[in-house]
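J.: Please see the structure below; I have some questions.
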Amino acid sequence: VILVITIIFTLSFKHFTGIAISKNIDPEAIFSFLLPPIILAAGYNMRRKFFFENLTYISAFGFLGTVLSFFIVCTAFYYVNAAVYDYIGDTNSVYKWSFLVAMKMAATLIATDTIAPLTLIDEEKYPTLFSIIFGEGVSNDAVALILMATVLQLEENKDSKHLIYLPNLEAEIGATTVFHFLVEFSVASIKSVLFGFGSGAVSCLIHKTFEAFGHFPILETCLIFLMALFCYTLAEISGLAAIVCIFVFGIVQSQYNRFNLSYESVEKAGNFFAN
């Protein structure tokens, strides 16, 4: 239905105004306006009991599994490209990749799509399986984004002592570089989680301090949403993983801030983020 309405609106707009709507989608618009509400709703409406009970499995598949897949895929990309390049030679169709290029490709391709399998699983009948796949999907996307940000940061600092940017793998990647990469990745992950938790705590403190907001349920709900957008935007500006921040923010609001809200606000917030 939404697709049909969109097509009709596009054709009507072009017919009556003579202005063609661009076919190109701005990624900034998606990351700034469409993605934050989706991730916030996922964190707010998540079944926290099953999520935290299966946190070990979620961490194993979503965190360690994604990192392991990243190193396997980027190494495979590098060696396959090197073998093809050595076999074919320097042509217009084959280029010699540096290991950084292989890392970018790997960080892009390791992000999985969990929407399809989730639609096949009955949440009420298999809550544990649903929570594990859902948590793995969210953590997988978050880890992939942090990995990409870390790779881009290494590329910007390629002249530093941590990365010797030469064509061959042995000169590029050494123990120091791998250690530095893992440290940067771990620090970015921890900082993102702490920033999301801290922003959520500030939101809880605001609602607890200004109890007069309880007389205006819509205002309370909008304030949560605005605080989430502020957390997301500030995380983006600070170079953190904004998706991780707003996801943790949503969990904190659902776990702790609901006790500071009025009954009407809790109901409205649940309905608002569910839709």
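Following the order of the structure tokens, first chain is A, next is B, and so on, with residues numbered from 1 inside each chain and ligands from 1 in the order they appear.
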Just the residues within 9 Å of Val138 (chain A), please, counting only C-alpha atoms, with nothing from its chain fewer than 5 positions along; format it as a ChimeraX atom specification.
T.: /A:39,42,62,114,133,143,244,247
J.: Could you save the residues just selected, with N, CA, C and O atoms, as a PDB file, in the first residue's frame?
T.:
ATOM      1  N   ILE A  39      15.983   2.359  15.328  1.00  0.00           N
ATOM      2  CA  ILE A  39      16.873   1.768  16.335  1.00  0.00           C
ATOM      3  C   ILE A  39      16.383   2.098  17.743  1.00  0.00           C
ATOM      4  O   ILE A  39      16.437   1.260  18.648  1.00  0.00           O
ATOM      5  N   ALA A  42      13.553  -0.165  18.514  1.00  0.00           N
ATOM      6  CA  ALA A  42      14.036  -1.528  18.752  1.00  0.00           C
ATOM      7  C   ALA A  42      14.571  -1.679  20.170  1.00  0.00           C
ATOM      8  O   ALA A  42      14.325  -2.692  20.834  1.00  0.00           O
ATOM      9  N   GLY A  62      27.079 -12.106  17.720  1.00  0.00           N
ATOM     10  CA  GLY A  62      27.034 -10.746  17.183  1.00  0.00           C
ATOM     11  C   GLY A  62      28.336  -9.985  17.302  1.00  0.00           C
ATOM     12  O   GLY A  62      28.658  -9.168  16.429  1.00  0.00           O
ATOM     13  N   THR A 114      18.811  -9.444   9.271  1.00  0.00           N
ATOM     14  CA  THR A 114      18.063 -10.358  10.146  1.00  0.00           C
ATOM     15  C   THR A 114      16.559 -10.191  10.022  1.00  0.00           C
ATOM     16  O   THR A 114      15.809 -10.910  10.692  1.00  0.00           O
ATOM     17  N   ILE A 133      18.401 -14.031  17.748  1.00  0.00           N
ATOM     18  CA  ILE A 133      18.589 -13.562  16.371  1.00  0.00           C
ATOM     19  C   ILE A 133      18.447 -12.050  16.296  1.00  0.00           C
ATOM     20  O   ILE A 133      19.210 -11.370  15.592  1.00  0.00           O
ATOM     21  N   VAL A 143      28.552  -3.537  15.291  1.00  0.00           N
ATOM     22  CA  VAL A 143      29.979  -3.892  15.211  1.00  0.00           C
ATOM     23  C   VAL A 143      30.522  -3.591  13.816  1.00  0.00           C
ATOM     24  O   VAL A 143      31.655  -3.099  13.674  1.00  0.00           O
ATOM     25  N   VAL A 244      24.750   2.443  18.157  1.00  0.00           N
ATOM     26  CA  VAL A 244      24.931   1.804  19.465  1.00  0.00           C
ATOM     27  C   VAL A 244      24.431   2.732  20.571  1.00  0.00           C
ATOM     28  O   VAL A 244      23.754   2.292  21.507  1.00  0.00           O
ATOM     29  N   PHE A 247      20.590   2.933  20.609  1.00  0.00           N
ATOM     30  CA  PHE A 247      20.026   1.646  21.012  1.00  0.00           C
ATOM     31  C   PHE A 247      20.123   1.469  22.524  1.00  0.00           C
ATOM     32  O   PHE A 247      19.143   1.077  23.183  1.00  0.00           O
TER      33      PHE A 247
END
J.: When distances are computed from only C-alpha atoms, which of A:Val183, A:Ala212, A:Met105, A:Leu68 shows the smallest separation from Ser262 (chain A)?
T.: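 Going through A:Val183, A:Ala212, A:Met105, A:Leu68 one by one, the smallest distance to Ser262 (chain A) is for A:Ala212.
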J.: Do you know which residues are at most 10 Å from Ala149 (chain A) counting only C-alpha atoms, after dropping those on the same chain fewer than 6 positions away, and could you put them as a PyMOL selection string?
T.: chain A and resi 104+107+143+155+184-185+188+239-241
J.: Let's have the selection written as a CSV table (one decimal), in the first residue's frame, with C-alpha atoms.
T.:
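Output file again.csv follows:
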chain,number,residue,atom,x,y,z
A,104,LYS,CA,36.6,-1.8,3.8
A,107,ALA,CA,33.4,-4.3,6.9
A,143,VAL,CA,30.0,-3.9,15.2
A,155,GLU,CA,43.3,5.2,6.7
A,184,GLU,CA,40.7,1.4,18.6
A,185,PHE,CA,37.8,-0.9,18.0
A,188,ALA,CA,35.1,3.0,20.3
A,239,GLY,CA,32.8,10.2,16.0
A,240,LEU,CA,31.1,7.5,18.1
A,241,ALA,CA,28.8,4.7,16.8
J.: Please identify all polymer residues within 9 Å of Ala235 (chain A), counting only C-alpha atoms, omitting same-chain residues fewer than 3 positions from it, and present them as a ChimeraX atom specification.
T.: /A:192,195-196,230-232,238-243,245-246
J.: Just N, CA and C atoms for this one: save the residues we selected as a PDB file, in the first residue's frame.
T.:
ATOM      1  N   SER A 192      30.959   4.190  23.003  1.00  0.00           N
ATOM      2  CA  SER A 192      29.611   4.321  22.450  1.00  0.00           C
ATOM      3  C   SER A 192      28.565   3.817  23.440  1.00  0.00           C
ATOM      4  N   PHE A 195      28.396   6.257  26.376  1.00  0.00           N
ATOM      5  CA  PHE A 195      27.750   7.503  25.992  1.00  0.00           C
ATOM      6  C   PHE A 195      26.237   7.320  25.912  1.00  0.00           C
ATOM      7  N   GLY A 196      25.790   6.209  25.338  1.00  0.00           N
ATOM      8  CA  GLY A 196      24.357   5.942  25.276  1.00  0.00           C
ATOM      9  C   GLY A 196      23.753   5.773  26.655  1.00  0.00           C
ATOM     10  N   PHE A 230      19.074  13.982  20.149  1.00  0.00           N
ATOM     11  CA  PHE A 230      20.236  14.748  20.609  1.00  0.00           C
ATOM     12  C   PHE A 230      21.402  13.813  20.897  1.00  0.00           C
ATOM     13  N   CYS A 231      21.127  12.680  21.530  1.00  0.00           N
ATOM     14  CA  CYS A 231      22.160  11.674  21.807  1.00  0.00           C
ATOM     15  C   CYS A 231      22.762  11.162  20.504  1.00  0.00           C
ATOM     16  N   TYR A 232      21.909  10.867  19.527  1.00  0.00           N
ATOM     17  CA  TYR A 232      22.362  10.342  18.242  1.00  0.00           C
ATOM     18  C   TYR A 232      23.228  11.363  17.506  1.00  0.00           C
ATOM     19  N   SER A 238      30.732  13.421  17.624  1.00  0.00           N
ATOM     20  CA  SER A 238      31.894  12.991  18.413  1.00  0.00           C
ATOM     21  C   SER A 238      32.642  11.832  17.785  1.00  0.00           C
ATOM     22  N   GLY A 239      32.128  11.304  16.664  1.00  0.00           N
ATOM     23  CA  GLY A 239      32.789  10.192  16.005  1.00  0.00           C
ATOM     24  C   GLY A 239      32.524   8.843  16.638  1.00  0.00           C
ATOM     25  N   LEU A 240      31.460   8.730  17.435  1.00  0.00           N
ATOM     26  CA  LEU A 240      31.104   7.461  18.057  1.00  0.00           C
ATOM     27  C   LEU A 240      30.124   6.697  17.175  1.00  0.00           C
ATOM     28  N   ALA A 241      29.822   5.475  17.574  1.00  0.00           N
ATOM     29  CA  ALA A 241      28.832   4.670  16.849  1.00  0.00           C
ATOM     30  C   ALA A 241      27.446   5.107  17.308  1.00  0.00           C
ATOM     31  N   ALA A 242      26.809   5.976  16.541  1.00  0.00           N
ATOM     32  CA  ALA A 242      25.545   6.577  16.952  1.00  0.00           C
ATOM     33  C   ALA A 242      24.448   5.536  17.098  1.00  0.00           C
ATOM     34  N   ILE A 243      24.480   4.493  16.278  1.00  0.00           N
ATOM     35  CA  ILE A 243      23.463   3.447  16.366  1.00  0.00           C
ATOM     36  C   ILE A 243      23.542   2.739  17.724  1.00  0.00           C
ATOM     37  N   CYS A 245      24.752   4.007  20.455  1.00  0.00           N
ATOM     38  CA  CYS A 245      24.362   4.975  21.483  1.00  0.00           C
ATOM     39  C   CYS A 245      22.844   5.061  21.628  1.00  0.00           C
ATOM     40  N   ILE A 246      22.141   5.200  20.511  1.00  0.00           N
ATOM     41  CA  ILE A 246      20.689   5.384  20.596  1.00  0.00           C
ATOM     42  C   ILE A 246      19.999   4.070  20.967  1.00  0.00           C
TER      43      ILE A 246
END
J.: Skip Ser59 (chain A) itself and residues of its chain fewer than 2 positions away, then list as a list in words all residues within 12 Å of it, counting only C-alpha atoms.
T.: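 Contacts, with the query itself left out: Phe51, Phe52, Glu53, Asn54, Leu55, Thr56, Tyr57, Phe61, Gly62, Phe63, Leu64, Gly65, Thr66, Val67, Ile132, Ile133, Phe134, Gly135, Glu136, Gly137, Val138, Ser139, Asn140, Ala142 and Val143 of chain A.
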J.: Atoms to include: N, CA and C atoms. Write the selected residues as a short mmCIF file (atom, residue, chain, number, x, y, z; two decimals), in the first residue's frame.
T.:
data_model
loop_
_atom_site.label_atom_id
_atom_site.label_comp_id
_atom_site.auth_asym_id
_atom_site.auth_seq_id
_atom_site.Cartn_x
_atom_site.Cartn_y
_atom_site.Cartn_z
N PHE A 51 16.57 -10.91 26.27
CA PHE A 51 17.81 -10.35 25.70
C PHE A 51 18.98 -10.54 26.65
N PHE A 52 18.80 -10.16 27.91
CA PHE A 52 19.90 -10.24 28.86
C PHE A 52 20.16 -11.68 29.31
N GLU A 53 19.12 -12.53 29.31
CA GLU A 53 19.34 -13.94 29.64
C GLU A 53 20.22 -14.63 28.60
N ASN A 54 20.10 -14.19 27.35
CA ASN A 54 20.86 -14.80 26.26
C ASN A 54 21.99 -13.90 25.78
N LEU A 55 22.46 -13.02 26.66
CA LEU A 55 23.49 -12.08 26.28
C LEU A 55 24.79 -12.78 25.89
N THR A 56 25.06 -13.95 26.50
CA THR A 56 26.28 -14.69 26.15
C THR A 56 26.25 -15.14 24.70
N TYR A 57 25.12 -15.70 24.28
CA TYR A 57 25.01 -16.15 22.89
C TYR A 57 25.01 -14.97 21.93
N PHE A 61 27.80 -14.56 18.97
CA PHE A 61 27.47 -14.50 17.55
C PHE A 61 27.60 -13.09 16.98
N GLY A 62 27.08 -12.11 17.72
CA GLY A 62 27.03 -10.75 17.18
C GLY A 62 28.34 -9.99 17.30
N PHE A 63 29.10 -10.24 18.34
CA PHE A 63 30.34 -9.49 18.56
C PHE A 63 31.55 -10.28 18.07
N LEU A 64 31.83 -11.40 18.74
CA LEU A 64 33.01 -12.19 18.37
C LEU A 64 32.87 -12.77 16.97
N GLY A 65 31.67 -13.24 16.63
CA GLY A 65 31.46 -13.80 15.30
C GLY A 65 31.65 -12.79 14.19
N THR A 66 31.19 -11.57 14.43
CA THR A 66 31.34 -10.52 13.42
C THR A 66 32.80 -10.12 13.26
N VAL A 67 33.51 -9.98 14.36
CA VAL A 67 34.93 -9.62 14.28
C VAL A 67 35.72 -10.72 13.58
N ILE A 132 17.64 -14.04 20.48
CA ILE A 132 19.05 -14.26 20.09
C ILE A 132 19.30 -13.73 18.69
N ILE A 133 18.40 -14.03 17.75
CA ILE A 133 18.59 -13.56 16.37
C ILE A 133 18.45 -12.05 16.30
N PHE A 134 17.48 -11.50 17.03
CA PHE A 134 17.32 -10.05 17.05
C PHE A 134 18.55 -9.37 17.63
N GLY A 135 19.02 -9.86 18.77
CA GLY A 135 20.20 -9.26 19.40
C GLY A 135 21.44 -9.41 18.54
N GLU A 136 21.58 -10.57 17.88
CA GLU A 136 22.73 -10.77 16.99
C GLU A 136 22.67 -9.80 15.82
N GLY A 137 21.47 -9.58 15.28
CA GLY A 137 21.34 -8.65 14.15
C GLY A 137 21.70 -7.23 14.52
N VAL A 138 21.21 -6.77 15.67
CA VAL A 138 21.51 -5.40 16.10
C VAL A 138 22.99 -5.24 16.40
N SER A 139 23.56 -6.19 17.16
CA SER A 139 24.98 -6.09 17.51
C SER A 139 25.86 -6.27 16.28
N ASN A 140 25.44 -7.10 15.33
CA ASN A 140 26.21 -7.29 14.10
C ASN A 140 26.30 -5.99 13.31
N ALA A 142 25.91 -2.96 14.49
CA ALA A 142 26.67 -2.00 15.27
C ALA A 142 28.17 -2.27 15.17
N VAL A 143 28.55 -3.54 15.29
CA VAL A 143 29.98 -3.89 15.21
C VAL A 143 30.52 -3.59 13.82
#
J.: Tell me which protein, DNA and RNA residues are within 12 Å of Ala76 (chain A), counting only C-alpha atoms, leaving out same-chain ones fewer than 3 positions away, and put them as a JSON list (two decimals) with C-alpha atoms, in the first residue's frame.
T.:
[["chain", "number", "residue", "atom", "x", "y", "z"],
["A", 69, "SER", "CA", 34.17, -12.90, 10.02],
["A", 70, "PHE", "CA", 35.70, -9.50, 9.36],
["A", 71, "PHE", "CA", 39.28, -10.78, 9.58],
["A", 72, "ILE", "CA", 38.51, -13.92, 7.58],
["A", 73, "VAL", "CA", 36.73, -12.04, 4.80],
["A", 79, "TYR", "CA", 44.78, -12.99, -1.15],
["A", 80, "VAL", "CA", 42.21, -13.72, -3.87],
["A", 81, "ASN", "CA", 42.77, -10.29, -5.38],
["A", 82, "ALA", "CA", 46.53, -10.75, -5.20],
["A", 83, "ALA", "CA", 46.29, -14.17, -6.89],
["A", 97, "TRP", "CA", 44.19, -3.92, -3.62],
["A", 99, "PHE", "CA", 44.83, -4.49, 2.73],
["A", 102, "ALA", "CA", 40.04, -5.36, 1.60],
["A", 103, "MET", "CA", 39.17, -4.26, 5.15],
["A", 105, "MET", "CA", 35.01, -4.40, 1.64],
["A", 106, "ALA", "CA", 34.88, -6.83, 4.56]]
J.: Go through region 34-271 of chain A and collect every residue that DSSP, computed from the backbone, puts in helix (DSSP H, G or I); the answer should be as number ranges by chain.
T.: A: 34-44, 48-53, 55-88, 99-109, 115-119, 127-156, 169-172, 175-209, 211-215, 217-237, 242-255, 257-260, 263-271
J.: Pick out the residues sitting within 10 Å of His215 (chain A), and hand them over as a list in words; count only C-alpha atoms, and ignore anything fewer than 4 positions along from it in its own chain.
T.: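 Neighbouring residues, sequence-local ones excluded: Glu211, Leu219, Glu220, Leu261, Ser262, Glu264 and Ser265 of chain A.
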